[in-house]
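Dumped upload-v6.cif below, it's mmCIF, C-alpha atoms:
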data_input
loop_
_atom_site.group_PDB
_atom_site.id
_atom_site.type_symbol
_atom_site.label_atom_id
_atom_site.label_comp_id
_atom_site.auth_asym_id
_atom_site.auth_seq_id
_atom_site.Cartn_x
_atom_site.Cartn_y
_atom_site.Cartn_z
ATOM 1 C CA MET A 1 -12.514 -11.302 -16.746
ATOM 2 C CA GLU A 2 -12.341 -7.820 -18.237
ATOM 3 C CA ASN A 3 -10.225 -5.174 -16.511
ATOM 4 C CA SER A 4 -13.306 -3.048 -15.839
ATOM 5 C CA ASP A 5 -15.085 -6.012 -14.209
ATOM 6 C CA TYR A 6 -12.049 -6.686 -12.034
ATOM 7 C CA ILE A 7 -11.636 -3.095 -10.857
ATOM 8 C CA ASP A 8 -15.392 -2.715 -10.305
ATOM 9 C CA GLY A 9 -15.430 -5.850 -8.144
ATOM 10 C CA LEU A 10 -12.286 -4.841 -6.276
ATOM 11 C CA THR A 11 -13.683 -1.359 -5.654
ATOM 12 C CA SER A 12 -16.956 -2.775 -4.362
ATOM 13 C CA VAL A 13 -15.196 -5.089 -1.895
ATOM 14 C CA ILE A 14 -12.795 -2.400 -0.647
ATOM 15 C CA VAL A 15 -15.578 0.168 -0.196
ATOM 16 C CA ASP A 16 -17.642 -2.390 1.728
ATOM 17 C CA ILE A 17 -14.698 -3.236 3.996
ATOM 18 C CA ALA A 18 -13.977 0.452 4.577
ATOM 19 C CA LYS A 19 -17.524 0.963 5.864
ATOM 20 C CA ASN A 20 -16.540 -1.013 8.976
ATOM 21 C CA ASP A 21 -15.402 1.209 11.799
ATOM 22 C CA ASN A 22 -12.179 -0.711 12.426
ATOM 23 C CA ALA A 23 -10.807 -2.116 9.181
ATOM 24 C CA VAL A 24 -7.259 -2.374 7.917
ATOM 25 C CA ILE A 25 -6.884 -2.931 4.196
ATOM 26 C CA VAL A 26 -3.426 -3.820 2.947
ATOM 27 C CA GLY A 27 -2.642 -3.023 -0.666
ATOM 28 C CA ARG A 28 -4.913 -3.771 -3.604
ATOM 29 C CA GLY A 29 -5.010 -0.069 -4.456
ATOM 30 C CA ALA A 30 -7.172 0.610 -1.404
ATOM 31 C CA ALA A 31 -5.785 4.095 -0.730
ATOM 32 C CA ALA A 32 -6.344 5.061 -4.356
ATOM 33 C CA ILE A 33 -9.829 3.542 -4.430
ATOM 34 C CA LEU A 34 -10.737 5.337 -1.193
ATOM 35 C CA LYS A 35 -9.009 8.608 -2.096
ATOM 36 C CA ASP A 36 -12.185 10.667 -1.673
ATOM 37 C CA ASP A 37 -13.380 8.933 1.502
ATOM 38 C CA LYS A 38 -12.690 11.409 4.277
ATOM 39 C CA SER A 39 -13.401 8.788 6.945
ATOM 40 C CA VAL A 40 -10.357 6.702 5.984
ATOM 41 C CA LEU A 41 -6.817 7.212 7.238
ATOM 42 C CA LYS A 42 -4.420 6.180 4.482
ATOM 43 C CA ILE A 43 -0.929 5.012 5.416
ATOM 44 C CA GLY A 44 1.674 3.672 3.020
ATOM 45 C CA LEU A 45 4.565 1.438 4.018
ATOM 46 C CA ASN A 46 7.505 0.983 1.707
ATOM 47 C CA SER A 47 11.037 -0.314 1.876
ATOM 48 C CA SER A 48 14.107 -0.473 -0.294
ATOM 49 C CA LYS A 49 14.353 -2.969 -3.094
ATOM 50 C CA GLU A 50 17.296 -4.580 -1.290
ATOM 51 C CA ASP A 51 15.221 -5.129 1.868
ATOM 52 C CA ARG A 52 12.368 -6.645 -0.126
ATOM 53 C CA ILE A 53 14.754 -8.987 -1.962
ATOM 54 C CA LYS A 54 16.291 -10.114 1.322
ATOM 55 C CA ARG A 55 12.863 -10.630 2.940
ATOM 56 C CA ILE A 56 11.538 -12.687 0.007
ATOM 57 C CA SER A 57 14.750 -14.702 -0.207
ATOM 58 C CA GLN A 58 14.514 -15.607 3.474
ATOM 59 C CA ARG A 59 10.742 -16.156 3.576
ATOM 60 C CA GLU A 60 10.663 -18.353 0.461
ATOM 61 C CA ASN A 61 14.055 -19.957 1.096
ATOM 62 C CA ILE A 62 15.317 -18.990 -2.373
ATOM 63 C CA ASP A 63 18.512 -17.377 -3.615
ATOM 64 C CA THR A 64 18.676 -13.624 -3.972
ATOM 65 C CA THR A 65 18.848 -13.763 -7.783
ATOM 66 C CA LEU A 66 15.439 -15.407 -7.953
ATOM 67 C CA ALA A 67 14.105 -13.135 -5.218
ATOM 68 C CA GLU A 68 15.274 -10.093 -7.191
ATOM 69 C CA LYS A 69 13.484 -11.395 -10.298
ATOM 70 C CA ILE A 70 10.281 -11.787 -8.258
ATOM 71 C CA VAL A 71 10.596 -8.280 -6.796
ATOM 72 C CA ASN A 72 11.218 -6.764 -10.241
ATOM 73 C CA GLU A 73 8.219 -8.559 -11.745
ATOM 74 C CA LYS A 74 5.916 -7.618 -8.867
ATOM 75 C CA ASP A 75 7.087 -4.009 -8.901
ATOM 76 C CA ALA A 76 6.444 -3.726 -12.633
ATOM 77 C CA ALA A 77 3.002 -5.313 -12.304
ATOM 78 C CA ARG A 78 2.063 -3.023 -9.401
ATOM 79 C CA VAL A 79 3.175 0.110 -11.263
ATOM 80 C CA ASP A 80 1.245 -1.010 -14.338
ATOM 81 C CA PHE A 81 -1.839 -1.685 -12.189
ATOM 82 C CA TYR A 82 -1.696 1.818 -10.706
ATOM 83 C CA LYS A 83 -1.062 3.541 -14.015
ATOM 84 C CA THR A 84 -3.912 1.608 -15.636
ATOM 85 C CA PHE A 85 -6.576 2.161 -12.979
ATOM 86 C CA PHE A 86 -5.568 5.122 -10.828
ATOM 87 C CA GLU A 87 -4.190 8.642 -11.048
ATOM 88 C CA TYR A 88 -0.926 7.701 -9.349
ATOM 89 C CA ASN A 89 2.518 6.754 -10.613
ATOM 90 C CA GLY A 90 2.613 3.569 -8.569
ATOM 91 C CA PRO A 91 1.729 2.043 -5.221
ATOM 92 C CA GLU A 92 4.310 4.130 -3.381
ATOM 93 C CA ASP A 93 3.140 7.479 -4.781
ATOM 94 C CA PRO A 94 2.944 9.565 -1.577
ATOM 95 C CA ARG A 95 0.075 11.734 -2.847
ATOM 96 C CA GLN A 96 -2.401 9.013 -1.887
ATOM 97 C CA PHE A 97 -1.393 8.779 1.774
ATOM 98 C CA HIS A 98 -1.737 10.849 4.905
ATOM 99 C CA LEU A 99 1.484 9.214 6.061
ATOM 100 C CA SER A 100 4.119 7.244 4.160
ATOM 101 C CA ILE A 101 6.767 5.363 6.132
ATOM 102 C CA ASN A 102 10.006 3.954 4.766
ATOM 103 C CA THR A 103 10.515 0.806 6.837
ATOM 104 C CA THR A 104 14.097 0.513 5.643
ATOM 105 C CA LEU A 105 14.891 3.677 7.583
ATOM 106 C CA ILE A 106 12.323 3.419 10.371
ATOM 107 C CA LYS A 107 12.167 0.138 12.241
ATOM 108 C CA LEU A 108 9.076 -1.669 13.586
ATOM 109 C CA ASP A 109 8.514 -0.052 17.017
ATOM 110 C CA PRO A 110 8.822 3.553 15.810
ATOM 111 C CA THR A 111 6.667 2.686 12.789
ATOM 112 C CA ILE A 112 3.940 1.371 15.096
ATOM 113 C CA SER A 113 4.208 4.507 17.243
ATOM 114 C CA MET A 114 3.892 6.740 14.183
ATOM 115 C CA ILE A 115 0.827 4.850 12.940
ATOM 116 C CA LEU A 116 -0.864 5.020 16.349
ATOM 117 C CA ALA A 117 -0.114 8.754 16.612
ATOM 118 C CA ALA A 118 -1.482 9.336 13.111
ATOM 119 C CA ALA A 119 -4.635 7.357 13.949
ATOM 120 C CA LYS A 120 -5.179 9.416 17.112
ATOM 121 C CA THR A 121 -4.600 12.684 15.262
ATOM 122 C CA PHE A 122 -6.920 11.579 12.451
ATOM 123 C CA LYS A 123 -9.651 10.617 14.907
ATOM 124 C CA GLU A 124 -9.332 14.058 16.518
ATOM 125 C CA GLY A 125 -9.986 15.609 13.116
ATOM 126 C CA LEU A 126 -6.568 17.210 12.812
ATOM 127 C CA LEU A 127 -5.623 15.662 9.457
ATOM 128 C CA THR A 128 -7.182 16.824 6.218
ATOM 129 C CA HIS A 129 -7.504 15.498 2.703
#
Step by step, read the file and then write its structure as structure tokens.
Amino acid sequence: MENSDYIDGLTSVIVDIAKNDNAVIVGRGAAAILKDDKSVLKIGLNSSKEDRIKRISQRENIDTTLAEKIVNEKDAARVDFYKTFFEYNGPEDPRQFHLSINTTLIKLDPTISMILAAAKTFKEGLLTH
């Protein structure tokens, strides 16, 4: 499959999903693809490399050396994907989000509260592009 075919197909699917009134799209460049869609609230979640290594190591039951290799490879592939197809420096580039949350520094409950507050504020028309 050619890169243009892949991104065209991905864009089509993401745009179709975004047309639903209550959709959550995780990753796949969705915020970048929907950058001009004023009806979409875009939130980015990120965490430290160390947290991601630990999470993968535990989830996959592998040692941290292998987990670090996986994180490094995925990070490089994601950055390459963004630089190839979008106008951003990578998936964590904050310019594509209304709100970007570092989940290393902000734990789950406050993160949920922030997302709900952002959704309410967005629905009220108080956030702009």
Residue nearest Gly27 of chain A - candidates A:Gly9, A:Pro110, A:Gly125, A:Gly90, atoms counted: only C-alpha atoms: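 Smallest separation from Gly27 of chain A among the options: A:Gly90.
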Edge lengths and centre, in Å to one decimal, as JSON: that's what I need for the box along x, y and z that holds all listed atoms of segment 111-114 of chain A plus 3 Å on each side.
{"center_x": 5.3, "center_y": 4.1, "center_z": 15.0, "size_x": 8.8, "size_y": 11.4, "size_z": 10.5}
Evaluate the PyMOL selection byres ((chain A and resi 104) around 7) here and jot the selected residues down as a list of chain:residue names. A:Ser47, A:Ser48, A:Asp51, A:Asn102, A:Thr103, A:Leu105, A:Ile106, A:Lys107
List as a ChimeraX atom specification the protein and nucleic acid residues near Ser12 of chain A, meaning an atom at most 12 Å away when all atoms listed in the file are counted, but skip any in the same chain fewer than 5 places from it. /A:5-7,17-19,30,33-34
So how far away is atom CA of Thr111 of chain A from atom CA of Ile56 of chain A, in Å?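 So the two atoms, atom CA of Ile56 of chain A and atom CA of Thr111 of chain A, lie 20.6 Å apart.
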Residues near Val71 of chain A, cut-off 10 Å, all atoms listed in the file, skip fewer than 2 positions along chain, as an mmCIF file with C-alpha atoms, in the frame of the given file:
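Okay, out.cif is ready:
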data_model
loop_
_atom_site.group_PDB
_atom_site.id
_atom_site.type_symbol
_atom_site.label_atom_id
_atom_site.label_comp_id
_atom_site.auth_asym_id
_atom_site.auth_seq_id
_atom_site.Cartn_x
_atom_site.Cartn_y
_atom_site.Cartn_z
ATOM 1 C CA LYS A 49 14.353 -2.969 -3.094
ATOM 2 C CA GLU A 50 17.296 -4.580 -1.290
ATOM 3 C CA ARG A 52 12.368 -6.645 -0.126
ATOM 4 C CA ILE A 53 14.754 -8.987 -1.962
ATOM 5 C CA ILE A 56 11.538 -12.687 0.007
ATOM 6 C CA THR A 65 18.848 -13.763 -7.783
ATOM 7 C CA LEU A 66 15.439 -15.407 -7.953
ATOM 8 C CA ALA A 67 14.105 -13.135 -5.218
ATOM 9 C CA GLU A 68 15.274 -10.093 -7.191
ATOM 10 C CA LYS A 69 13.484 -11.395 -10.298
ATOM 11 C CA GLU A 73 8.219 -8.559 -11.745
ATOM 12 C CA LYS A 74 5.916 -7.618 -8.867
ATOM 13 C CA ASP A 75 7.087 -4.009 -8.901
ATOM 14 C CA ALA A 76 6.444 -3.726 -12.633
ATOM 15 C CA ALA A 77 3.002 -5.313 -12.304
#
Could you check which of A:Ala118, A:Ala32, A:Val13, A:Val40 is closest to Leu99 of chain A, using only C-alpha atoms?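 For Leu99 of chain A, the nearest of the candidates is A:Ala118.
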The PyMOL selection byres ((chain A and resi 29) around 12) resolved against shown file, as a PyMOL selection string: chain A and resi 7+10-11+13-15+25-28+30-35+42-44+78-93+96-97
Residues as selected, C-alpha atoms, written as an mmCIF file, keeping the file's coordinate frame, can you do that?
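Okay, part-v3.cif is ready:
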data_model
loop_
_atom_site.group_PDB
_atom_site.id
_atom_site.type_symbol
_atom_site.label_atom_id
_atom_site.label_comp_id
_atom_site.auth_asym_id
_atom_site.auth_seq_id
_atom_site.Cartn_x
_atom_site.Cartn_y
_atom_site.Cartn_z
ATOM 1 C CA ILE A 7 -11.636 -3.095 -10.857
ATOM 2 C CA LEU A 10 -12.286 -4.841 -6.276
ATOM 3 C CA THR A 11 -13.683 -1.359 -5.654
ATOM 4 C CA VAL A 13 -15.196 -5.089 -1.895
ATOM 5 C CA ILE A 14 -12.795 -2.400 -0.647
ATOM 6 C CA VAL A 15 -15.578 0.168 -0.196
ATOM 7 C CA ILE A 25 -6.884 -2.931 4.196
ATOM 8 C CA VAL A 26 -3.426 -3.820 2.947
ATOM 9 C CA GLY A 27 -2.642 -3.023 -0.666
ATOM 10 C CA ARG A 28 -4.913 -3.771 -3.604
ATOM 11 C CA ALA A 30 -7.172 0.610 -1.404
ATOM 12 C CA ALA A 31 -5.785 4.095 -0.730
ATOM 13 C CA ALA A 32 -6.344 5.061 -4.356
ATOM 14 C CA ILE A 33 -9.829 3.542 -4.430
ATOM 15 C CA LEU A 34 -10.737 5.337 -1.193
ATOM 16 C CA LYS A 35 -9.009 8.608 -2.096
ATOM 17 C CA LYS A 42 -4.420 6.180 4.482
ATOM 18 C CA ILE A 43 -0.929 5.012 5.416
ATOM 19 C CA GLY A 44 1.674 3.672 3.020
ATOM 20 C CA ARG A 78 2.063 -3.023 -9.401
ATOM 21 C CA VAL A 79 3.175 0.110 -11.263
ATOM 22 C CA ASP A 80 1.245 -1.010 -14.338
ATOM 23 C CA PHE A 81 -1.839 -1.685 -12.189
ATOM 24 C CA TYR A 82 -1.696 1.818 -10.706
ATOM 25 C CA LYS A 83 -1.062 3.541 -14.015
ATOM 26 C CA THR A 84 -3.912 1.608 -15.636
ATOM 27 C CA PHE A 85 -6.576 2.161 -12.979
ATOM 28 C CA PHE A 86 -5.568 5.122 -10.828
ATOM 29 C CA GLU A 87 -4.190 8.642 -11.048
ATOM 30 C CA TYR A 88 -0.926 7.701 -9.349
ATOM 31 C CA ASN A 89 2.518 6.754 -10.613
ATOM 32 C CA GLY A 90 2.613 3.569 -8.569
ATOM 33 C CA PRO A 91 1.729 2.043 -5.221
ATOM 34 C CA GLU A 92 4.310 4.130 -3.381
ATOM 35 C CA ASP A 93 3.140 7.479 -4.781
ATOM 36 C CA GLN A 96 -2.401 9.013 -1.887
ATOM 37 C CA PHE A 97 -1.393 8.779 1.774
#
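Here atom CA of Ser39 of chain A is placed at a distance of 11.4 Å from atom CA of Ala23 of chain A.
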Would you compute the distance between atom CA of Asp63 of chain A and atom CA of Ile101 of chain A? Give it in Å to one decimal.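 Distance between the two atoms: 27.4 Å.
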Hey, which of A:Asp36, A:Asp109, A:Asp21, A:Asp16 ends up closest to Thr128 of chain A? Count only C-alpha atoms.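 Checking each candidate against Thr128 of chain A, we get A:Asp36 as the closest.
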Pick from A:Leu108, A:Pro94, A:Arg55, A:Leu41: nearest to Leu127 of chain A, with all atoms listed in the file counted? A:Leu41
Would you fill the gaps in segment 21-40 of chain A so it has N, CA and C atoms, then print it as a compact mmCIF listing (two decimals), keeping the file's coordinate frame?
# COMPACT_ATOMS: atom_id res chain seq x y z
N ASP A 21 -16.06 0.17 11.01
CA ASP A 21 -15.40 1.21 11.80
C ASP A 21 -13.94 0.91 12.06
N ASN A 22 -13.55 -0.34 12.10
CA ASN A 22 -12.18 -0.71 12.43
C ASN A 22 -11.63 -1.70 11.41
N ALA A 23 -11.32 -1.23 10.23
CA ALA A 23 -10.81 -2.12 9.18
C ALA A 23 -9.41 -1.67 8.77
N VAL A 24 -8.57 -2.64 8.50
CA VAL A 24 -7.26 -2.37 7.92
C VAL A 24 -7.22 -3.10 6.58
N ILE A 25 -6.96 -2.36 5.53
CA ILE A 25 -6.88 -2.93 4.20
C ILE A 25 -5.45 -2.75 3.71
N VAL A 26 -4.82 -3.85 3.38
CA VAL A 26 -3.43 -3.82 2.95
C VAL A 26 -3.37 -3.98 1.43
N GLY A 27 -2.86 -2.94 0.77
CA GLY A 27 -2.64 -3.02 -0.67
C GLY A 27 -3.90 -3.03 -1.48
N ARG A 28 -3.82 -3.64 -2.63
CA ARG A 28 -4.91 -3.77 -3.60
C ARG A 28 -5.41 -2.42 -4.11
N GLY A 29 -4.59 -1.38 -3.98
CA GLY A 29 -5.01 -0.07 -4.46
C GLY A 29 -6.03 0.59 -3.54
N ALA A 30 -6.14 0.12 -2.32
CA ALA A 30 -7.17 0.61 -1.40
C ALA A 30 -7.09 2.12 -1.18
N ALA A 31 -5.90 2.65 -0.96
CA ALA A 31 -5.78 4.10 -0.73
C ALA A 31 -6.24 4.87 -1.96
N ALA A 32 -5.92 4.39 -3.13
CA ALA A 32 -6.34 5.06 -4.36
C ALA A 32 -7.85 4.93 -4.55
N ILE A 33 -8.39 3.77 -4.29
CA ILE A 33 -9.83 3.54 -4.43
C ILE A 33 -10.60 4.42 -3.44
N LEU A 34 -10.05 4.58 -2.24
CA LEU A 34 -10.74 5.34 -1.19
C LEU A 34 -10.25 6.78 -1.09
N LYS A 35 -9.64 7.28 -2.14
CA LYS A 35 -9.01 8.61 -2.10
C LYS A 35 -9.96 9.72 -1.67
N ASP A 36 -11.23 9.61 -2.01
CA ASP A 36 -12.18 10.67 -1.67
C ASP A 36 -12.96 10.40 -0.39
N ASP A 37 -12.69 9.28 0.26
CA ASP A 37 -13.38 8.93 1.50
C ASP A 37 -12.67 9.61 2.67
N LYS A 38 -13.30 10.62 3.20
CA LYS A 38 -12.69 11.41 4.28
C LYS A 38 -12.69 10.68 5.61
N SER A 39 -13.35 9.54 5.69
CA SER A 39 -13.40 8.79 6.94
C SER A 39 -12.27 7.77 7.05
N VAL A 40 -11.40 7.72 6.04
CA VAL A 40 -10.36 6.70 5.98
C VAL A 40 -8.98 7.33 6.12
